Amino acid sequence: MSEYRLGIDVGGTNTDAVIMRGREVITATKRATAKNVGDGVVDVVTATLAQSGLKPSAINAVMIGTTQFVNAFLQRKNLSEVAVIRIGLPRGDGVPPMVSWPNDLRKILGSNIFMIEGGSYFTGKDYIPLNETAIADAAKEIKARGINAIAITAVFAPIRPDLEQRTKEIVRGYLPDADITLSSEVGGIGLIDRENAAIINTSLMAFSREVVRSLIAGVKSLNITAPLFISQNDGTLLTTGAAEAFPILTCSAGPTNSIRGAAFLTGIEDAVVVDIGGTTTDIGFLVKGFPRETTGVNYIGGVRTNFRMPDVLSIALGGGSIIRTEGDRLEIGPESVGYRIREEGILFGGNTLTTTDVAVRAKGLSDIGDASRVASLDDVFVSRVMKDIERRVEDAVDQMKTSSKAVPVILVGGGSILMSNTLAGASEVLIPENAGVANAVGAAIAQVSGRIDKLYDFGREGGRLAVLEDAKQEAIDAAVAAGADRETVEILDIVELPMMHMKTNAVQIKIRAVGNLVDVKSAALQ
Amino acid sequence: MTLIKTTDDIKDMARGAVFLGTGGGGDPYVGELFLLQQLDDGRVPQIVQPDDVADDAFVVSIAGVGAPTVLVEQLVSERALLYLLERAQDFYGRKIDALISAEIGGANSMFPLALGARANLPVIDGDGMGRAFPHLEMTTFSIDGIPCTPSVMIDDLGNEVTVNVPNDRLAEDVVRGICNSLGAMTIGSFYAMTGAQMKQSTVRHTITETLEIGRCIRESRETLEDPFEGLMAYLNDPNRGRYAKIIFDGKITDVNHETRDGWHFGAVHIQSLTDPNDTMIVDIQNEYLAARRNGKTVTIVPDLISILDRETAEPLTAEMLHYGLRVKVIGYSAVPQLRTPKALTVCSPRQFGIEEDFVPVEKIA
């Protein structure tokens, strides 16, 4: 695969872009995130292209990481009303959909719940016929309510996705343009968590379509003809079509990209990564080049899902954090000027004292804003602020470590200038070149993955080994279908969970396969 | 008494149930949601003390039997549980006056509470173990001669089976067999008893204990630097007459899981954060059964072993353990009813194939 990859990270504060060739970062650019995401991308890409001297046609692939979708869900903005169809009756009526959801979300997404007969035993056999009449009735009712976004979940759908597919077909007959998510496409065993993921995803589909199309239009307006990919949670790539349909798969791409980018920029595979942004600092753990993932369940905006996500600790401290003093008390954050730092920060002619102002003064930097504007800050005050910042980061790093042993710490993100190069508990502190755009680098180096999470029968011919071979093949095929070069696909991890408390041969298997992006221009045509 | 009125109460109850589940017992999550739905509908469980129930009252245990993996897909049917109550009353020929949990550790702590709220039946503040165990004969009810059967079992689809066998060891096998034939998840009524029998045999106050353990962990997190401080103070409160100790503090270096005949076998290896030669191995058979520090047993079944996240004191089930997790291990004395010579004939280490005698945690930890 050739040459130039454009990696873009759209954060809450900044939009960063890098152009990479092989392992080399050619240019790196940072701009404030615009209200219209596409405009911000056009701005940063125009600048980075100009800086590199490359023609737009030289770019072979564009990779964008964005926290837009998850932020929309966290802030309850741009969400669609959703109808929820669950295929499961007579089972499950004691736990209807959305039971444990926060009330504000229930209000926004509405109370449009349809529980219908159908579903499968763990063996894959139907326990009751799918009630197609009831599905048609539900579709008519959903249409009458003016809802055009539907989440469909069936009991044991990971083993019998056809139950959800048939339901979708019937619904489509009444609502041909509806946004529909099938739970089997976004989650594994565990109905409630999978159903929750499907509902979250459905509520975001209209917004994701808008954002993705604005990104496509932005890139196209610059005469870049290369295909566009969106980063997903595990640091691998989605096609734009998949990102429109599955915005939930991008919800933790931000921290993942910065951790992967930090690994790439330093060549270190095991370390703590501290990503200091404008408003928050995320601390993650790098294990063999990938982020350490959380073990149990995860909550997105107060809703439980079974997504595996990078284990990240966030603290309210960043380059734009506002510093206040009241008598002897010093308060740093949690409020931040965010992207307005270039207007409100003292260095830039504003009146709000931020951590960046103090760091520039403390370190005697001259390349950020107008250093003379912070020259008069009191020495004792400056060192107190810097110590406080350092202590908070040290505490957070300590919480994330798995032992008291000193480990390498990699500092990345636009706010990495806040830190010095010593930190308690660190064997060394690295601030790699291009640390400010590690996110965008993480996006640009991304691979493609395939995952499976299903129950298999070890009792069949060939037993466990034959089953594992088949399951691995399914994961590899999924990676290839997502755009991976088959030659490069490797199995990243295998988890086997036998069914407990029962004498059966059913075993839940989760496999992840990862490979390099195949020649990207042809992949995009598929 | 209405001990459980809010979402926080339910979460505390679930957290405490995982602690007393000692690694097994099934994740209480589905039961938690079922109970939450009852609260949403304006129904609260009425929890009563054993002595508040008349001697001639009729009490049964309602419990789910099956595979946790199936439970998280098929969830729970309120309609089926109400039908079970109806069928059980027909079968026993008596009106049910109160419900009791057979096993307070894990998933079966929740179902009686939710069903009690739904059917407006009081739920006894107690259970038959004060922890989790894998078999039906391992309850104080069985030990005191209150048999598990006759029993009615149903599934969500309307299938119904009655079981009446002479001993609870056999009941265990028969019930599992039925459950297998019905898609690996069933619910049933077990240990039908009078109020007088219940008072004699129940492990008392275990709903209160479960709730308080969960609440204590949550509140200690908010108010103390080390949440274990609060938890240990609660467990060792002299008024409770129990003994608890943090028997290890370290990082998980290995977890082996293996399933034989539907039971989970395995071992967790934990290494001290300060001395790599100081290690603990915890044996798992569904539950955590024995904890050995550098080869020496420091807590063994029926005493409780609980493994908790080192920072948050969140109790962890065996499925949640993995390499790298930093944990503390607590040894906790079992309720006195499980330590009698008679009780030890069904729940001593040897009953689990461990060739060791039971020694109380307070003597070896």
# chains A, B, ... in the order shown; residues from 1 in each chain; ligands from 1
>>> interface_residues(of="chain B", to="chain A", cutoff="8 Å", atoms="only C-alpha atoms", output="ChimeraX atom specification")
/B:30,33-34,36-37,66-70,72-79,156-157,176,180,183-184,251,258-259,261-264,273-274,320,322,324-326
>>> residues_around(residues="Gly436 (chain A)", least_positions_apart="6", cutoff="12 Å", atoms="only C-alpha atoms", output="PyMOL selection string")
chain A and resi 9+14-18+28-31+258+261-262+265+274-278+319+410-418+442
>>> select_by_dssp(residues="region 96-319 of chain B", states="strand (DSSP E or B)", output="VMD selection string")
chain B and resid 98 to 100 123 to 124 126 to 127 151 to 154 160 to 163 185 to 194 203 to 204 244 to 260 263 to 272 279 to 285 287 to 293 296 to 300 304 to 309 315
>>> residues_around(residues="Glu335 (chain A)", least_positions_apart="5", cutoff="8 Å", atoms="only C-alpha atoms", output="count of residues only")
4
>>> closest_residue(among="A:Thr153, A:Asn233, A:Thr27, A:Asn257", to="Ser183 (chain A)", atoms="only C-alpha atoms")
A:Thr153
>>> residues_around(residues="Gly146 (chain A)", least_positions_apart="5", cutoff="10 Å", atoms="only C-alpha atoms", output="PyMOL selection string")
chain A and resi 81+140-141
>>> closest_residue(among="B:Leu81, B:Val60, B:Leu71, B:Val18", to="Gly105 (chain B)", atoms="only C-alpha atoms")
B:Val18
>>> closest_residue(among="A:Asn78, A:Thr225, A:Ser366, A:Gln165", to="Thr202 (chain A)", atoms="only C-alpha atoms")
A:Asn78
>>> select_by_dssp(residues="region 362-414 of chain A", states="helix (DSSP H, G or I)", output="PDB file with C-alpha atoms, in the first residue's frame")
ATOM      1  CA  ALA A 362       7.138  28.748  34.241  1.00  0.00           C
ATOM      2  CA  LYS A 363       9.040  27.209  31.376  1.00  0.00           C
ATOM      3  CA  ALA A 371       5.000  35.652  26.482  1.00  0.00           C
ATOM      4  CA  SER A 372       5.422  39.244  27.622  1.00  0.00           C
ATOM      5  CA  ARG A 373       1.783  39.261  28.717  1.00  0.00           C
ATOM      6  CA  VAL A 374       2.508  36.640  31.409  1.00  0.00           C
ATOM      7  CA  ASP A 379       7.181  33.365  40.892  1.00  0.00           C
ATOM      8  CA  VAL A 380       5.831  31.751  44.049  1.00  0.00           C
ATOM      9  CA  PHE A 381       2.339  31.572  42.573  1.00  0.00           C
ATOM     10  CA  VAL A 382       3.632  30.065  39.319  1.00  0.00           C
ATOM     11  CA  SER A 383       5.550  27.325  41.060  1.00  0.00           C
ATOM     12  CA  ARG A 384       2.575  26.554  43.295  1.00  0.00           C
ATOM     13  CA  VAL A 385       0.293  26.110  40.281  1.00  0.00           C
ATOM     14  CA  MET A 386       2.821  23.923  38.474  1.00  0.00           C
ATOM     15  CA  LYS A 387       3.301  21.723  41.556  1.00  0.00           C
ATOM     16  CA  ASP A 388      -0.453  21.335  41.946  1.00  0.00           C
ATOM     17  CA  ILE A 389      -0.873  20.261  38.327  1.00  0.00           C
ATOM     18  CA  GLU A 390       1.991  17.804  38.675  1.00  0.00           C
ATOM     19  CA  ARG A 391       0.593  16.304  41.863  1.00  0.00           C
ATOM     20  CA  ARG A 392      -2.838  15.763  40.328  1.00  0.00           C
ATOM     21  CA  VAL A 393      -1.372  13.991  37.312  1.00  0.00           C
ATOM     22  CA  GLU A 394       0.888  11.890  39.566  1.00  0.00           C
ATOM     23  CA  ASP A 395      -2.060  10.793  41.682  1.00  0.00           C
ATOM     24  CA  ALA A 396      -4.054   9.812  38.605  1.00  0.00           C
ATOM     25  CA  VAL A 397      -1.117   7.902  37.108  1.00  0.00           C
ATOM     26  CA  ASP A 398      -0.685   6.045  40.388  1.00  0.00           C
ATOM     27  CA  GLN A 399      -4.339   5.006  40.374  1.00  0.00           C
ATOM     28  CA  MET A 400      -3.989   3.492  36.922  1.00  0.00           C
ATOM     29  CA  GLY A 414      -2.037  19.696  23.177  1.00  0.00           C
TER      30      GLY A 414
END
>>> residues_around(residues="Asp357 (chain B)", least_positions_apart="3", cutoff="9 Å", atoms="only C-alpha atoms", output="number ranges by chain")
B: 300, 348-350, 354
>>> residues_around(residues="Val409 (chain A)", least_positions_apart="5", cutoff="12 Å", atoms="only C-alpha atoms", output="PyMOL selection string")
chain A and resi 259+262-263+266+268-275+283-286+393-394+396-398+400-401+416+419-432
>>> residues_around(residues="Gly331 (chain B)", least_positions_apart="5", cutoff="8 Å", atoms="only C-alpha atoms", output="tab-separated table (two decimals) with N, CA and C atoms, in the first residue's frame")
chain	number	residue	atom	x	y	z
B	244	ALA	N	-13.76	-11.22	60.33
B	244	ALA	CA	-13.33	-11.00	58.95
B	244	ALA	C	-11.92	-10.45	58.95
B	245	LYS	N	-11.16	-10.81	57.91
B	245	LYS	CA	-9.79	-10.32	57.83
B	245	LYS	C	-9.39	-10.19	56.36
B	246	ILE	N	-8.61	-9.16	56.07
B	246	ILE	CA	-8.03	-9.07	54.72
B	246	ILE	C	-6.88	-10.07	54.69
B	247	ILE	N	-7.07	-11.15	53.94
B	247	ILE	CA	-6.07	-12.22	53.98
B	247	ILE	C	-5.02	-12.07	52.88
B	298	VAL	N	-5.51	-20.37	54.62
B	298	VAL	CA	-5.87	-19.29	55.54
B	298	VAL	C	-7.38	-19.07	55.63
B	299	THR	N	-8.13	-19.56	54.65
B	299	THR	CA	-9.59	-19.58	54.77
B	299	THR	C	-10.10	-20.73	53.91
B	303	ASP	N	-16.40	-21.30	55.39
B	303	ASP	CA	-16.12	-19.88	55.58
B	303	ASP	C	-16.06	-19.19	54.22
B	304	LEU	N	-16.31	-17.89	54.21
B	304	LEU	CA	-16.45	-17.16	52.95
B	304	LEU	C	-15.12	-16.55	52.52
B	305	ILE	N	-14.88	-16.59	51.22
B	305	ILE	CA	-13.74	-15.90	50.64
B	305	ILE	C	-14.31	-14.93	49.60
B	306	SER	N	-13.93	-13.68	49.71
B	306	SER	CA	-14.43	-12.72	48.74
B	306	SER	C	-13.24	-11.99	48.15
B	361	VAL	N	-11.72	-19.68	60.09
B	361	VAL	CA	-10.80	-18.64	59.59
B	361	VAL	C	-10.11	-17.90	60.73
B	365	ALA	N	-6.15	-17.54	59.87
B	365	ALA	CA	-5.83	-16.38	59.04
B	365	ALA	C	-4.92	-15.41	59.78
>>> closest_residue(among="B:Asn286, B:Asn108, B:Asn277, B:Thr297", to="His257 (chain B)", atoms="only C-alpha atoms")
B:Asn286
>>> closest_residue(among="A:Glu490, A:Glu293, A:Glu169, A:Asp104", to="Ile135 (chain A)", atoms="only C-alpha atoms")
A:Glu169
>>> closest_residue(among="A:Ala446, A:Val303, A:Ile64, A:Ile315", to="Arg23 (chain A)", atoms="only C-alpha atoms")
A:Ala446
>>> atom_distance(atom1="CA of Ala47 (chain A)", atom2="CA of Glu24 (chain A)")
18.6 Å
